[in-house]
file input.cif (mmCIF, C-alpha atoms)
data_data
loop_
_atom_site.group_PDB
_atom_site.id
_atom_site.type_symbol
_atom_site.label_atom_id
_atom_site.label_comp_id
_atom_site.auth_asym_id
_atom_site.auth_seq_id
_atom_site.Cartn_x
_atom_site.Cartn_y
_atom_site.Cartn_z
ATOM 1 C CA MET A 1 18.101 76.099 -33.081
ATOM 2 C CA GLU A 2 20.779 77.869 -31.109
ATOM 3 C CA THR A 3 24.498 77.328 -31.240
ATOM 4 C CA ILE A 4 26.848 77.997 -28.381
ATOM 5 C CA ARG A 5 30.520 78.642 -28.996
ATOM 6 C CA ILE A 6 32.712 78.762 -25.935
ATOM 7 C CA VAL A 7 36.416 79.331 -25.664
ATOM 8 C CA GLN A 8 38.202 78.782 -22.385
ATOM 9 C CA TYR A 9 41.333 80.764 -21.584
ATOM 10 C CA PHE A 10 43.649 78.977 -19.184
ATOM 11 C CA ALA A 11 46.210 81.149 -17.379
ATOM 12 C CA LEU A 12 48.351 79.139 -14.980
ATOM 13 C CA ARG A 13 50.982 80.590 -12.700
ATOM 14 C CA THR A 14 53.257 78.027 -11.102
ATOM 15 C CA TYR A 15 55.618 78.596 -8.204
ATOM 16 C CA ALA A 16 58.585 76.274 -8.247
ATOM 17 C CA SER A 17 60.056 76.281 -4.775
ATOM 18 C CA THR A 18 63.205 74.228 -4.663
ATOM 19 C CA PHE A 19 64.080 72.548 -1.411
ATOM 20 C CA ASN A 20 67.780 72.524 -0.692
ATOM 21 C CA TRP A 21 68.727 69.692 1.682
ATOM 22 C CA GLN A 22 72.242 71.070 2.155
ATOM 23 C CA GLU A 23 71.133 74.303 3.795
ATOM 24 C CA PRO A 24 70.093 74.743 7.430
ATOM 25 C CA GLU A 25 66.411 74.162 8.215
ATOM 26 C CA ASN A 26 65.594 77.806 8.750
ATOM 27 C CA SER A 27 66.599 78.648 5.176
ATOM 28 C CA SER A 28 65.107 75.586 3.576
ATOM 29 C CA PHE A 29 63.450 77.316 0.624
ATOM 30 C CA ASN A 30 65.234 78.999 -2.200
ATOM 31 C CA LYS A 31 63.545 81.930 -3.809
ATOM 32 C CA ASP A 32 60.411 80.890 -5.728
ATOM 33 C CA LYS A 33 60.632 80.728 -9.474
ATOM 34 C CA VAL A 34 57.451 81.829 -11.190
ATOM 35 C CA TYR A 35 56.306 80.523 -14.567
ATOM 36 C CA ASN A 36 53.239 81.605 -16.514
ATOM 37 C CA HIS A 37 51.388 79.447 -19.028
ATOM 38 C CA TYR A 38 48.624 80.733 -21.300
ATOM 39 C CA TYR A 39 46.430 78.424 -23.394
ATOM 40 C CA GLN A 40 43.054 78.511 -25.140
ATOM 41 C CA ASN A 41 41.062 75.525 -26.383
ATOM 42 C CA PHE A 42 38.871 76.677 -29.291
ATOM 43 C CA PHE A 43 40.933 78.244 -32.078
ATOM 44 C CA VAL A 44 42.912 75.296 -33.374
ATOM 45 C CA GLY A 45 46.521 76.109 -34.194
ATOM 46 C CA GLU A 46 46.060 79.829 -33.481
ATOM 47 C CA THR A 47 47.273 82.262 -30.876
ATOM 48 C CA LYS A 48 44.623 84.614 -29.483
ATOM 49 C CA ALA A 49 44.913 87.758 -27.410
ATOM 50 C CA TRP A 50 42.841 87.937 -24.236
ATOM 51 C CA ASN A 51 43.147 90.446 -21.397
ATOM 52 C CA GLY A 52 46.490 91.626 -22.685
ATOM 53 C CA ARG A 53 48.049 88.147 -22.950
ATOM 54 C CA GLN A 54 48.706 85.843 -25.885
ATOM 55 C CA TYR A 55 47.072 82.420 -25.537
ATOM 56 C CA THR A 56 48.299 79.588 -27.750
ATOM 57 C CA PHE A 57 46.122 76.642 -28.649
ATOM 58 C CA ALA A 58 46.165 73.547 -26.436
ATOM 59 C CA PRO A 59 43.680 70.667 -26.572
ATOM 60 C CA PHE A 60 42.462 70.799 -22.967
ATOM 61 C CA ARG A 61 39.048 70.661 -21.388
ATOM 62 C CA ALA A 62 37.902 72.016 -18.054
ATOM 63 C CA GLU A 63 34.985 70.509 -16.195
ATOM 64 C CA GLY A 64 33.547 69.773 -12.811
ATOM 65 C CA THR A 65 32.894 73.184 -11.309
ATOM 66 C CA MET A 66 30.088 73.033 -8.774
ATOM 67 C CA SER A 67 29.003 74.973 -5.754
ATOM 68 C CA SER A 68 26.923 73.905 -2.773
ATOM 69 C CA LEU A 69 24.881 75.533 -0.035
ATOM 70 C CA GLY A 70 27.494 74.368 2.459
ATOM 71 C CA GLY A 71 30.001 76.650 0.820
ATOM 72 C CA ASP A 72 32.545 73.940 0.125
ATOM 73 C CA ASN A 73 35.357 74.691 -2.239
ATOM 74 C CA PRO A 74 34.221 74.192 -5.818
ATOM 75 C CA VAL A 75 36.484 71.702 -7.565
ATOM 76 C CA VAL A 76 37.527 71.854 -11.196
ATOM 77 C CA GLN A 77 39.540 69.391 -13.255
ATOM 78 C CA VAL A 78 41.473 70.355 -16.344
ATOM 79 C CA LEU A 79 42.343 67.514 -18.659
ATOM 80 C CA PHE A 80 45.383 67.755 -20.941
ATOM 81 C CA PRO A 81 47.008 65.181 -23.232
ATOM 82 C CA ASN A 82 50.075 63.565 -21.652
ATOM 83 C CA ILE A 83 52.657 65.535 -23.623
ATOM 84 C CA GLU A 84 56.028 66.888 -22.580
ATOM 85 C CA VAL A 85 55.021 70.539 -22.147
ATOM 86 C CA VAL A 86 52.155 69.604 -19.817
ATOM 87 C CA ILE A 87 54.346 67.411 -17.649
ATOM 88 C CA ARG A 88 56.808 70.266 -17.446
ATOM 89 C CA PHE A 89 54.319 72.773 -16.105
ATOM 90 C CA VAL A 90 52.902 70.255 -13.651
ATOM 91 C CA GLU A 91 56.371 69.626 -12.290
ATOM 92 C CA GLN A 92 57.208 73.325 -12.251
ATOM 93 C CA GLY A 93 54.307 73.754 -9.837
ATOM 94 C CA ASN A 94 55.437 70.877 -7.606
ATOM 95 C CA GLY A 95 52.832 68.498 -8.973
ATOM 96 C CA ASN A 96 50.305 71.318 -9.389
ATOM 97 C CA ARG A 97 50.258 72.028 -5.662
ATOM 98 C CA LEU A 98 51.915 75.408 -5.970
ATOM 99 C CA SER A 99 49.924 76.973 -8.782
ATOM 100 C CA ARG A 100 47.182 79.482 -9.394
ATOM 101 C CA LEU A 101 44.704 79.218 -12.219
ATOM 102 C CA THR A 102 42.609 81.921 -13.805
ATOM 103 C CA LEU A 103 40.046 80.239 -16.039
ATOM 104 C CA SER A 104 38.089 82.557 -18.305
ATOM 105 C CA THR A 105 35.035 81.287 -20.141
ATOM 106 C CA VAL A 106 34.100 83.369 -23.159
ATOM 107 C CA TRP A 107 30.995 82.989 -25.325
ATOM 108 C CA LEU A 108 31.422 83.742 -29.021
ATOM 109 C CA ASN A 109 29.029 84.603 -31.837
ATOM 110 C CA ALA A 110 29.113 83.033 -35.316
ATOM 111 C CA ALA A 111 31.877 85.432 -36.350
ATOM 112 C CA PHE A 112 33.886 84.353 -33.283
ATOM 113 C CA ASN A 113 33.512 87.732 -31.609
ATOM 114 C CA GLN A 114 33.125 87.834 -27.851
ATOM 115 C CA ILE A 115 29.566 88.111 -26.493
ATOM 116 C CA LYS A 116 30.125 87.684 -22.769
ATOM 117 C CA ALA A 117 32.694 86.272 -20.411
ATOM 118 C CA TYR A 118 33.323 85.351 -16.835
ATOM 119 C CA GLU A 119 36.439 84.580 -14.906
ATOM 120 C CA GLU A 120 37.115 82.087 -12.121
ATOM 121 C CA ARG A 121 40.171 81.731 -9.914
ATOM 122 C CA TYR A 122 41.494 78.527 -8.424
ATOM 123 C CA VAL A 123 44.509 77.141 -6.610
ATOM 124 C CA GLY A 124 46.169 73.883 -7.588
ATOM 125 C CA VAL A 125 45.597 70.863 -5.338
ATOM 126 C CA GLY A 126 47.357 68.164 -7.321
ATOM 127 C CA ALA A 127 47.537 66.259 -10.550
ATOM 128 C CA SER A 128 47.213 62.723 -11.801
ATOM 129 C CA PHE A 129 48.734 61.049 -14.817
ATOM 130 C CA SER A 130 47.460 58.322 -17.088
ATOM 131 C CA ASP A 131 49.045 56.844 -20.208
ATOM 132 C CA THR A 132 47.356 59.424 -22.436
ATOM 133 C CA THR A 133 46.198 62.270 -20.191
ATOM 134 C CA VAL A 134 47.232 64.535 -17.360
ATOM 135 C CA GLU A 135 44.505 65.751 -15.048
ATOM 136 C CA LEU A 136 45.143 68.929 -13.093
ATOM 137 C CA ARG A 137 42.909 69.432 -10.048
ATOM 138 C CA PHE A 138 42.025 72.818 -8.654
ATOM 139 C CA ARG A 139 39.866 74.241 -5.894
ATOM 140 C CA SER A 140 38.559 77.693 -5.304
ATOM 141 C CA ALA A 141 40.803 79.727 -3.030
ATOM 142 C CA MET A 142 37.859 80.844 -0.882
ATOM 143 C CA ASP A 143 36.271 78.414 1.562
ATOM 144 C CA SER A 144 33.362 78.681 3.982
ATOM 145 C CA VAL A 145 34.079 79.298 7.662
ATOM 146 C CA GLY A 146 34.115 76.009 9.538
ATOM 147 C CA ALA A 147 33.953 75.101 13.219
ATOM 148 C CA GLN A 148 37.663 75.652 13.779
ATOM 149 C CA PHE A 149 38.241 79.241 12.976
ATOM 150 C CA PRO A 150 40.758 80.674 12.446
ATOM 151 C CA ALA A 151 42.313 77.700 10.710
ATOM 152 C CA ARG A 152 45.436 76.326 12.343
ATOM 153 C CA LYS A 153 48.622 77.348 10.655
ATOM 154 C CA LEU A 154 51.074 74.545 9.976
ATOM 155 C CA SER A 155 54.558 75.054 8.716
ATOM 156 C CA ARG A 156 57.745 73.081 8.325
ATOM 157 C CA ASN A 157 59.097 74.921 11.330
ATOM 158 C CA ASN A 158 56.487 73.617 13.782
ATOM 159 C CA VAL A 159 55.594 70.179 12.379
ATOM 160 C CA GLY A 160 58.454 69.254 10.041
ATOM 161 C CA ILE A 161 57.929 68.118 6.481
ATOM 162 C CA LEU A 162 54.220 68.145 5.679
ATOM 163 C CA PRO A 163 52.449 65.374 3.824
ATOM 164 C CA LEU A 164 50.472 66.994 1.031
ATOM 165 C CA SER A 165 46.948 66.052 0.060
ATOM 166 C CA ALA A 166 44.012 67.744 -1.583
ATOM 167 C CA ASP A 167 43.208 69.336 1.817
ATOM 168 C CA ILE A 168 46.688 70.574 2.721
ATOM 169 C CA SER A 169 48.811 72.593 0.390
ATOM 170 C CA LEU A 170 51.912 74.643 0.897
ATOM 171 C CA ARG A 171 51.765 78.393 0.324
ATOM 172 C CA MET B 1 57.477 63.184 -43.248
ATOM 173 C CA ALA B 2 57.489 60.507 -45.942
ATOM 174 C CA THR B 3 55.267 61.097 -48.937
ATOM 175 C CA PHE B 4 52.697 58.461 -49.863
ATOM 176 C CA PRO B 5 53.699 56.457 -52.996
ATOM 177 C CA ALA B 6 52.799 58.325 -56.186
ATOM 178 C CA ILE B 7 50.277 55.799 -57.496
ATOM 179 C CA ARG B 8 46.993 56.620 -59.179
ATOM 180 C CA PRO B 9 44.118 54.798 -57.454
ATOM 181 C CA THR B 10 41.403 52.961 -59.360
ATOM 182 C CA ARG B 11 38.709 54.331 -57.088
ATOM 183 C CA ARG B 12 38.717 57.049 -54.491
ATOM 184 C CA SER B 13 36.194 58.530 -52.081
ATOM 185 C CA PHE B 14 36.515 61.536 -49.842
ATOM 186 C CA THR B 15 34.383 62.412 -46.806
ATOM 187 C CA PHE B 16 34.522 65.943 -45.443
ATOM 188 C CA GLY B 17 35.746 66.407 -41.893
ATOM 189 C CA GLU B 18 33.291 67.248 -39.191
ATOM 190 C CA TYR B 19 33.240 70.128 -36.764
ATOM 191 C CA PRO B 20 33.428 69.308 -33.059
ATOM 192 C CA VAL B 21 29.826 69.902 -32.024
ATOM 193 C CA LYS B 22 27.720 68.380 -29.296
ATOM 194 C CA ALA B 23 23.933 68.680 -29.377
ATOM 195 C CA TYR B 24 21.586 68.927 -26.421
ATOM 196 C CA ARG B 25 17.956 68.120 -27.136
ATOM 197 C CA ALA B 26 15.393 69.194 -24.566
ATOM 198 C CA LEU B 27 12.204 67.218 -23.879
ATOM 199 C CA SER B 28 10.370 69.823 -25.955
ATOM 200 C CA GLY B 29 12.476 68.753 -28.919
ATOM 201 C CA LYS B 30 14.409 71.984 -29.169
ATOM 202 C CA THR B 31 18.103 71.560 -29.727
ATOM 203 C CA VAL B 32 21.048 73.640 -28.666
ATOM 204 C CA ARG B 33 24.404 72.868 -30.187
ATOM 205 C CA ARG B 34 27.712 73.629 -28.595
ATOM 206 C CA SER B 35 30.698 74.113 -30.823
ATOM 207 C CA PHE B 36 34.049 73.117 -29.314
ATOM 208 C CA GLY B 37 36.443 74.195 -32.035
ATOM 209 C CA SER B 38 36.981 76.355 -35.068
ATOM 210 C CA ARG B 39 38.270 73.712 -37.510
ATOM 211 C CA PRO B 40 36.941 70.441 -38.945
ATOM 212 C CA TYR B 41 38.710 67.163 -38.177
ATOM 213 C CA GLY B 42 38.502 63.544 -39.259
ATOM 214 C CA HIS B 43 38.512 63.932 -43.054
ATOM 215 C CA LEU B 44 38.317 60.468 -44.583
ATOM 216 C CA LEU B 45 39.908 59.299 -47.819
ATOM 217 C CA GLU B 46 39.482 55.789 -49.134
ATOM 218 C CA LEU B 47 41.771 54.643 -51.928
ATOM 219 C CA VAL B 48 41.289 51.438 -53.877
ATOM 220 C CA PHE B 49 44.077 50.084 -56.083
ATOM 221 C CA GLU B 50 42.805 47.266 -58.278
ATOM 222 C CA GLY B 51 44.937 44.675 -60.067
ATOM 223 C CA ILE B 52 48.236 46.244 -59.086
ATOM 224 C CA ASP B 53 51.601 44.547 -59.393
ATOM 225 C CA ASP B 54 53.214 43.070 -56.297
ATOM 226 C CA ASP B 55 56.053 45.596 -56.587
ATOM 227 C CA ILE B 56 53.554 48.372 -55.993
ATOM 228 C CA VAL B 57 52.008 46.446 -53.112
ATOM 229 C CA ASN B 58 55.528 46.294 -51.686
ATOM 230 C CA GLN B 59 55.827 50.077 -51.906
ATOM 231 C CA LEU B 60 52.519 50.513 -50.093
ATOM 232 C CA PHE B 61 53.548 47.940 -47.488
ATOM 233 C CA ASP B 62 56.912 49.677 -46.894
ATOM 234 C CA HIS B 63 55.250 53.071 -46.602
ATOM 235 C CA TYR B 64 52.762 51.756 -44.040
ATOM 236 C CA ASN B 65 55.596 50.343 -41.929
ATOM 237 C CA GLY B 66 57.684 53.498 -42.407
ATOM 238 C CA GLN B 67 54.846 55.494 -40.836
ATOM 239 C CA GLN B 68 54.716 52.993 -37.952
ATOM 240 C CA GLY B 69 51.204 52.047 -38.990
ATOM 241 C CA VAL B 70 48.635 54.571 -37.822
ATOM 242 C CA THR B 71 51.173 56.669 -35.883
ATOM 243 C CA ILE B 72 53.056 59.077 -38.140
ATOM 244 C CA GLY B 73 51.464 61.578 -40.528
ATOM 245 C CA PHE B 74 52.490 62.016 -44.167
ATOM 246 C CA VAL B 75 51.903 64.008 -47.320
ATOM 247 C CA LEU B 76 49.798 62.869 -50.275
ATOM 248 C CA PRO B 77 51.215 63.362 -53.791
ATOM 249 C CA ASP B 78 49.224 64.833 -56.689
ATOM 250 C CA GLU B 79 48.881 61.415 -58.363
ATOM 251 C CA VAL B 80 46.496 60.288 -55.655
ATOM 252 C CA PHE B 81 44.099 63.041 -56.742
ATOM 253 C CA SER B 82 44.626 62.831 -60.493
ATOM 254 C CA GLY B 83 41.555 63.739 -62.520
ATOM 255 C CA ILE B 84 40.421 66.390 -60.033
ATOM 256 C CA SER B 85 40.617 70.113 -60.844
ATOM 257 C CA SER B 86 43.639 71.873 -59.356
ATOM 258 C CA THR B 87 41.578 74.111 -57.027
ATOM 259 C CA LEU B 88 39.696 71.204 -55.489
ATOM 260 C CA ARG B 89 42.815 69.066 -55.447
ATOM 261 C CA ALA B 90 44.624 71.648 -53.319
ATOM 262 C CA LYS B 91 41.795 71.563 -50.771
ATOM 263 C CA LEU B 92 41.599 67.782 -50.622
ATOM 264 C CA ARG B 93 45.318 67.155 -50.650
ATOM 265 C CA ALA B 94 46.152 69.458 -47.753
ATOM 266 C CA PRO B 95 43.134 70.737 -45.818
ATOM 267 C CA ALA B 96 44.045 73.536 -43.366
ATOM 268 C CA SER B 97 45.876 72.314 -40.245
ATOM 269 C CA ILE B 98 45.397 68.687 -41.263
ATOM 270 C CA GLU B 99 47.871 65.854 -41.650
ATOM 271 C CA TRP B 100 47.036 62.512 -43.208
ATOM 272 C CA LEU B 101 47.471 59.250 -41.326
ATOM 273 C CA TYR B 102 46.431 55.672 -41.915
ATOM 274 C CA ALA B 103 42.956 55.234 -40.400
ATOM 275 C CA GLU B 104 43.390 51.465 -40.263
ATOM 276 C CA THR B 105 45.618 48.743 -41.600
ATOM 277 C CA PRO B 106 45.490 48.377 -45.412
ATOM 278 C CA VAL B 107 43.729 45.332 -46.821
ATOM 279 C CA VAL B 108 45.393 43.334 -49.604
ATOM 280 C CA GLU B 109 43.399 40.858 -51.657
ATOM 281 C CA SER B 110 45.302 38.553 -54.020
ATOM 282 C CA ILE B 111 43.393 38.102 -57.252
ATOM 283 C CA TYR B 112 45.854 36.525 -59.681
ATOM 284 C CA ASN B 113 49.548 35.657 -60.013
ATOM 285 C CA GLU B 114 51.440 38.684 -58.604
ATOM 286 C CA ARG B 115 48.302 40.825 -58.885
ATOM 287 C CA SER B 116 46.344 42.233 -55.961
ATOM 288 C CA ASN B 117 43.625 44.644 -54.942
ATOM 289 C CA VAL B 118 44.555 46.977 -52.102
ATOM 290 C CA THR B 119 42.174 49.113 -50.054
ATOM 291 C CA ILE B 120 43.637 51.913 -47.969
ATOM 292 C CA LYS B 121 41.689 54.154 -45.608
ATOM 293 C CA LEU B 122 43.245 57.440 -44.528
ATOM 294 C CA VAL B 123 42.121 59.981 -41.981
ATOM 295 C CA GLY B 124 42.986 63.687 -41.856
ATOM 296 C CA GLU B 125 43.564 64.755 -38.271
ATOM 297 C CA LEU B 126 44.267 68.195 -36.823
ATOM 298 C CA VAL B 127 47.947 68.953 -36.402
#

call {"tool": "encode", "arguments": {"input": "input.cif", "output": "structure tokens"}}
result
Amino acid sequence: METIRIVQYFALRTYASTFNWQEPENSSFNKDKVYNHYYQNFFVGETKAWNGRQYTFAPFRAEGTMSSLGGDNPVVQVLFPNIEVVIRFVEQGNGNRLSRLTLSTVWLNAAFNQIKAYEERYVGVGASFSDTTVELRFRSAMDSVGAQFPARKLSRNNVGILPLSADISLR
Amino acid sequence: MATFPAIRPTRRSFTFGEYPVKAYRALSGKTVRRSFGSRPYGHLLELVFEGIDDDIVNQLFDHYNGQQGVTIGFVLPDEVFSGISSTLRAKLRAPASIEWLYAETPVVESIYNERSNVTIKLVGELV
């Protein structure tokens, strides 16, 4: 019988651009504010060091990563309880549309020492709320080359205010 | 955090908490277990108070409402664990990173004039 012990380290960087309606259109964005959030989901009530950062405990789970031959963006969902601190970091990242996630998966032995690890990087594409949970959705930053290459660049300057969806995100 | 009423139960049973583990069993029968956390959760404590006075039932009733039912955690006094050695009592009373909550609504059974049996089930959840 084998036992697997896996800790996931969640490092989220959110960019909180604030839109100022009073300023002229060509200076519509204030300077981005950057916030970093570090959490791990295995060591209950403890803070653990990983890659030079301190990760506090948070009861989250990450799932849904998949890749395909077509090279589509792998999608990952991270599920958190609907608590104040989670809502805050979703809103800091404009509903998780202006965020970057580094998700490290680390295998542990029985003494909780690291055996092996790998790291994935994602960009935020949105979030959804329920009465008990908050689901953050991410996609890989790299995509396969499609028929329309290079991709068309849209900005507020040439199309106005953009509707945001899982396929369009502001950078 | 309101302390549970200091009343010695007639009977008491304790079930150790479990570790968050999920097992995968292959068609060959071999199992692989994945551990999701470093601490046990869901300790269970059942307390039975037999033939107690209605005043004591009132205390238990008030405490249950004070904790908003199964919502707010609380501390257990030594009296709940009377008769157990001090070392074991310390472990049962306050397991690491655990707070006690009502697992379900208490059951009161009237047995005689102003006398009742009360069964209370508590659960120790991770803080």

call {"tool": "interface_residues", "arguments": {"input": "input.cif", "of": "chain A", "to": "chain B", "cutoff": "7 Å", "atoms": "only C-alpha atoms", "output": "list in words"}}
result
Met1, Glu2, Thr3, Ile4, Arg5, Ile6, Phe42, Phe43 and Val44 of chain A

call {"tool": "resolve_selection", "arguments": {"input": "input.cif", "expression": "the PyMOL selection byres ((chain B and resi 79) around 6)", "output": "PyMOL selection string"}}
result
chain B and resi 6-8+77-78+80-82

call {"tool": "atom_distance", "arguments": {"input": "input.cif", "atom1": "CA of Ile87 in chain A", "atom2": "CA of Glu125 in chain B"}}
result
23.4 Å

call {"tool": "resolve_selection", "arguments": {"input": "input.cif", "expression": "the PyMOL selection byres ((chain A and resi 10-14) around 9)", "output": "count of residues only"}}
result
30

call {"tool": "resolve_selection", "arguments": {"input": "input.cif", "expression": "the PyMOL selection byres ((chain B and resi 64) around 12)", "output": "PyMOL selection string"}}
result
chain B and resi 2-5+57-63+65-74+101-107+120-122

call {"tool": "atom_distance", "arguments": {"input": "input.cif", "atom1": "CA of Arg137 in chain A", "atom2": "CA of Lys48 in chain A"}}
result
24.7 Å

call {"tool": "atom_distance", "arguments": {"input": "input.cif", "atom1": "CA of Gln77 in chain A", "atom2": "CA of Thr133 in chain A"}}
result
12.0 Å

call {"tool": "closest_residue", "arguments": {"input": "input.cif", "among": "A:Glu63, A:Pro74, A:Val85, A:Gly45", "to": "Val125 in chain A", "atoms": "all atoms listed in the file"}}
result
A:Pro74

call {"tool": "residues_around", "arguments": {"input": "input.cif", "residues": "range 110-118 of chain B", "least_positions_apart": "3", "cutoff": "7 Å", "atoms": "all atoms listed in the file", "output": "ChimeraX atom specification"}}
result
/B:48-54,106-107

call {"tool": "write_last_selection", "arguments": {"input": "input.cif", "atoms": "C-alpha atoms", "output": "PDB file, keeping the file's coordinate frame"}}
result
ATOM      1  CA  VAL B  48      41.289  51.438 -53.877  1.00  0.00           C
ATOM      2  CA  PHE B  49      44.077  50.084 -56.083  1.00  0.00           C
ATOM      3  CA  GLU B  50      42.805  47.266 -58.278  1.00  0.00           C
ATOM      4  CA  GLY B  51      44.937  44.675 -60.067  1.00  0.00           C
ATOM      5  CA  ILE B  52      48.236  46.244 -59.086  1.00  0.00           C
ATOM      6  CA  ASP B  53      51.601  44.547 -59.393  1.00  0.00           C
ATOM      7  CA  ASP B  54      53.214  43.070 -56.297  1.00  0.00           C
ATOM      8  CA  PRO B 106      45.490  48.377 -45.412  1.00  0.00           C
ATOM      9  CA  VAL B 107      43.729  45.332 -46.821  1.00  0.00           C
TER      10      VAL B 107
END
